[in-house]
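Asker: So here's run.cif (mmCIF, C-alpha atoms).
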```cif
data_target
loop_
_atom_site.label_atom_id
_atom_site.label_comp_id
_atom_site.auth_asym_id
_atom_site.auth_seq_id
_atom_site.Cartn_x
_atom_site.Cartn_y
_atom_site.Cartn_z
CA MET A 1 0.00 0.00 0.00
CA SER A 2 1.13 3.55 -0.62
CA SER A 3 1.96 5.92 2.18
CA GLU A 4 -0.83 7.17 4.35
CA SER A 5 -0.04 10.74 3.42
CA GLU A 6 -1.44 10.01 -0.03
CA TYR A 7 -4.83 9.18 1.52
CA LEU A 8 -4.61 12.11 3.92
CA LYS A 9 -3.77 14.53 1.13
CA GLY A 10 -6.44 13.02 -1.08
CA SER A 11 -4.03 13.09 -4.03
CA ASP A 12 -6.41 10.81 -5.90
CA TYR A 13 -9.23 13.37 -5.66
CA ASN A 14 -9.57 13.77 -9.43
CA MET A 15 -9.55 10.08 -10.32
CA ASN A 16 -13.33 9.93 -10.35
CA LEU A 17 -13.12 10.92 -14.03
CA GLU A 18 -12.00 8.27 -16.50
CA LYS A 19 -9.94 10.76 -18.54
CA ASN A 20 -7.87 11.58 -15.43
CA ARG A 21 -7.35 7.90 -14.64
CA LEU A 22 -6.26 7.33 -18.24
CA GLU A 23 -3.74 10.19 -18.02
CA SER A 24 -2.11 8.48 -15.02
CA PHE A 25 -0.89 5.63 -17.29
CA LYS A 26 1.84 7.67 -19.00
CA ASN A 27 4.59 5.12 -18.31
CA TRP A 28 2.53 1.93 -18.24
CA PRO A 29 5.00 -0.95 -18.75
CA PHE A 30 2.87 -3.09 -21.11
CA GLU A 31 2.80 -2.92 -24.87
CA LEU A 32 -0.26 -1.95 -26.87
CA ASP A 33 -0.93 -5.53 -28.04
CA CYS A 34 -1.89 -6.76 -24.57
CA ASN A 35 -5.30 -7.02 -22.94
CA CYS A 36 -4.51 -4.83 -19.93
CA THR A 37 -4.33 -1.54 -21.82
CA PRO A 38 -4.51 1.83 -20.09
CA GLU A 39 -7.94 2.39 -21.67
CA LYS A 40 -9.34 -0.86 -20.25
CA LEU A 41 -7.73 -0.26 -16.86
CA ALA A 42 -9.08 3.29 -16.60
CA GLY A 43 -12.50 2.10 -17.78
CA SER A 44 -12.43 -0.53 -15.04
CA GLY A 45 -11.96 2.14 -12.37
CA PHE A 46 -8.18 1.91 -11.99
CA TYR A 47 -5.50 4.54 -12.03
CA TYR A 48 -1.75 3.97 -12.21
CA CYS A 49 0.27 4.46 -9.00
CA PRO A 50 3.59 2.62 -9.46
CA THR A 51 6.20 2.18 -6.76
CA ASP A 52 9.83 1.10 -6.98
CA ARG A 53 8.82 -2.39 -5.84
CA GLU A 54 5.56 -2.56 -7.85
CA PRO A 55 6.06 -0.92 -11.27
CA ASP A 56 2.63 -2.05 -12.52
CA LEU A 57 0.54 -1.13 -9.47
CA VAL A 58 -2.96 0.18 -10.09
CA ARG A 59 -5.64 1.22 -7.61
CA CYS A 60 -9.42 1.50 -7.87
CA TYR A 61 -10.52 5.05 -7.22
CA VAL A 62 -13.61 3.87 -5.28
CA CYS A 63 -12.61 0.83 -3.20
CA PHE A 64 -8.84 1.54 -3.23
CA LYS A 65 -8.12 -2.10 -4.09
CA GLU A 66 -4.55 -2.31 -5.36
CA LEU A 67 -3.49 -4.84 -7.96
CA ASP A 68 -0.10 -5.55 -9.48
CA GLY A 69 1.62 -8.45 -11.19
CA TRP A 70 -0.35 -7.93 -14.38
CA GLU A 71 0.01 -10.42 -17.20
CA PRO A 72 -0.58 -9.32 -20.82
CA GLU A 73 -3.69 -11.52 -21.09
CA ASP A 74 -5.31 -10.22 -17.86
CA ASP A 75 -8.69 -8.57 -18.29
CA PRO A 76 -8.88 -5.49 -16.00
CA TRP A 77 -12.64 -5.67 -15.52
CA LYS A 78 -12.59 -9.38 -14.63
CA GLU A 79 -9.67 -8.82 -12.25
CA HIS A 80 -11.47 -5.96 -10.52
CA CYS A 81 -14.63 -8.06 -10.18
CA SER A 82 -12.80 -11.09 -8.81
CA HIS A 83 -10.67 -9.16 -6.30
CA SER A 84 -13.24 -6.63 -5.09
CA LYS A 85 -16.77 -7.97 -5.38
CA LYS A 86 -18.13 -5.43 -2.88
CA CYS A 87 -16.79 -2.39 -4.77
CA LEU A 88 -19.66 -0.07 -5.71
CA PHE A 89 -18.01 0.65 -9.07
CA VAL A 90 -18.09 -3.09 -9.80
CA LYS A 91 -21.66 -3.45 -8.52
CA LEU A 92 -22.95 -0.60 -10.69
CA ASN A 93 -21.28 -2.18 -13.74
CA LYS A 94 -21.66 0.97 -15.84
CA ARG A 95 -19.38 2.84 -18.17
CA GLU A 96 -18.73 6.45 -17.21
CA VAL A 97 -20.95 7.76 -20.02
CA ASP A 98 -23.86 5.71 -18.61
CA LEU A 99 -23.55 6.98 -15.03
CA THR A 100 -26.33 9.19 -13.75
CA VAL A 101 -25.63 12.13 -11.46
CA GLU A 102 -27.02 10.00 -8.64
CA ASP A 103 -24.61 7.16 -9.52
CA PHE A 104 -21.68 9.58 -9.63
CA LEU A 105 -22.57 11.02 -6.22
CA LYS A 106 -23.04 7.55 -4.70
CA LEU A 107 -19.62 6.52 -6.01
CA GLU A 108 -18.01 9.64 -4.59
CA CYS A 109 -19.72 9.15 -1.23
CA GLN A 110 -18.57 5.51 -1.06
CA ARG A 111 -15.06 6.54 -2.12
CA GLN A 112 -14.87 8.98 0.79
CA ILE A 113 -16.17 6.36 3.23
CA ASN A 114 -13.53 3.89 1.98
CA ARG A 115 -10.82 6.56 2.18
CA ILE A 116 -11.71 7.37 5.80
CA LYS A 117 -11.72 3.65 6.68
CA LYS A 118 -8.22 3.28 5.17
CA ILE A 119 -6.92 6.24 7.15
CA VAL A 120 -8.46 4.96 10.40
CA CYS A 121 -7.00 1.48 9.88
CA GLU A 122 -3.56 2.92 9.18
CA LYS A 123 -3.74 5.13 12.28
CA CYS A 124 -4.83 2.15 14.40
CA GLU A 125 -1.85 0.15 13.15
CA GLU A 126 0.47 3.06 13.92
CA PHE A 127 -1.00 3.29 17.41
CA LYS A 128 -0.60 -0.44 18.03
CA SER A 129 3.00 -0.30 16.87
CA GLU A 130 3.82 2.66 19.11
CA ALA A 131 2.00 1.06 22.03
CA GLU A 132 4.09 -2.08 21.63
CA LYS A 133 7.29 -0.01 21.61
CA CYS A 134 6.20 1.76 24.81
CA ARG A 135 5.25 -1.55 26.42
CA GLN A 136 8.70 -2.92 25.58
CA LYS A 137 10.44 0.15 27.02
CA ILE A 138 8.42 -0.17 30.24
CA GLN A 139 9.31 -3.86 30.51
CA ASP A 140 12.98 -3.01 29.96
CA LEU A 141 12.82 -0.57 32.87
CA VAL A 142 11.24 -3.08 35.23
#
```
Would you write the structure of this file as structure tokens?

Answerer:
Amino acid sequence: MSSESEYLKGSDYNMNLEKNRLESFKNWPFELDCNCTPEKLAGSGFYYCPTDREPDLVRCYVCFKELDGWEPEDDPWKEHCSHSKKCLFVKLNKREVDLTVEDFLKLECQRQINRIKKIVCEKCEEFKSEAEKCRQKIQDLV
């Protein structure tokens, strides 16, 4: 997962538009003759967010599911469906041009809920880690 600051900053705020997700794939490592094209990935709700360790990492803008290890024959929509069945983007199963204003607002609301959950989970893990360090220091003193 990417750093928490990315979620806190909301640097993915404009990824609710397919054209913005598509623009994120500037250095996508796969050739044009594969199934996992930037167009199909963006249309499946993903944007490109590579790391040094995961050069083909993509993330859904709604559920924040991250996928990497893409193979040329992988179908982005099928991968999204199989790895994130509860994602509202997957459940709606609509292309951007077919979304109603209500759909768009529901997706954005769910995206914000998912973003807050990610931040809370990360903060809880940080707290647990710091608590364990403090516990160890106290035990060392005793």

Asker: Atom CA of Arg95 of chain A and atom CA of Glu23 of chain A are how many Å apart?

Answerer: 17.3 Å

Asker: What lies within 9 Å of segment 61-64 of chain A using all atoms listed in the file, ignoring chain neighbours under 2 positions off, as a PyMOL selection string?

Answerer: chain A and resi 12-13+15-16+21+45-47+59+66+84+86-89+107-108+110-112+114-115+118

Asker: Nearest residue to Asn20 of chain A out of A:Glu39, A:Glu132, A:Glu125, A:Asp68, using only C-alpha atoms?

Answerer: A:Glu39

Asker: Leaving out Lys40 of chain A and any residue of its chain fewer than 2 positions from it, which residues lie within 12 Å of it when counting all atoms listed in the file, given as a list in words?

Answerer: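 After dropping sequence-adjacent residues, the list is Glu18, Lys19, Arg21, Leu22, Phe25, Leu32, Cys34, Asn35, Cys36, Thr37, Pro38, Ala42, Gly43, Ser44, Gly45, Phe46, Tyr47, Asp74, Asp75, Pro76, Trp77, Lys78, Glu79, His80 and Arg95 of chain A.
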
Asker: Atom CA of Cys124 of chain A and atom CA of Leu141 of chain A, how far apart in Å?

Answerer: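 Spanning atom CA of Leu141 of chain A to atom CA of Cys124 of chain A is a straight-line distance of 25.7 Å.
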
Asker: What separation in Å, quoted to one decimal, exists between atom CA of Ile113 of chain A and atom CA of Pro50 of chain A?

Answerer: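 Between these atoms lies a distance of 23.8 Å.
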
Asker: When distances are computed from all atoms listed in the file, which of A:Phe104, A:Tyr48, A:Cys60, A:Glu73 shows the smallest separation from Asp33 of chain A?

Answerer: A:Glu73

Asker: Quick one: residues within 8 Å of Pro29 of chain A, all atoms listed in the file counted, chain neighbours fewer than 2 positions away excluded, as a list in words?

Answerer: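 Residues meeting the cut-off are Asn27, Glu31, Pro55 and Asp56 of chain A.
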
Asker: List as a ChimeraX atom specification the residues having at least one atom at most 12 Å from position (8.1, 0.1, -6.1) as given in the file, counting all atoms listed in the file.

Answerer: /A:1-3,49-58,68-69

Asker: For Leu41 of chain A, which residue out of A:Val97, A:Ile116, A:Leu67, A:Cys121 is the nearest one, using all atoms listed in the file?

Answerer: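 Of A:Val97, A:Ile116, A:Leu67, A:Cys121, the one nearest Leu41 of chain A is A:Leu67, counting all atoms listed in the file.
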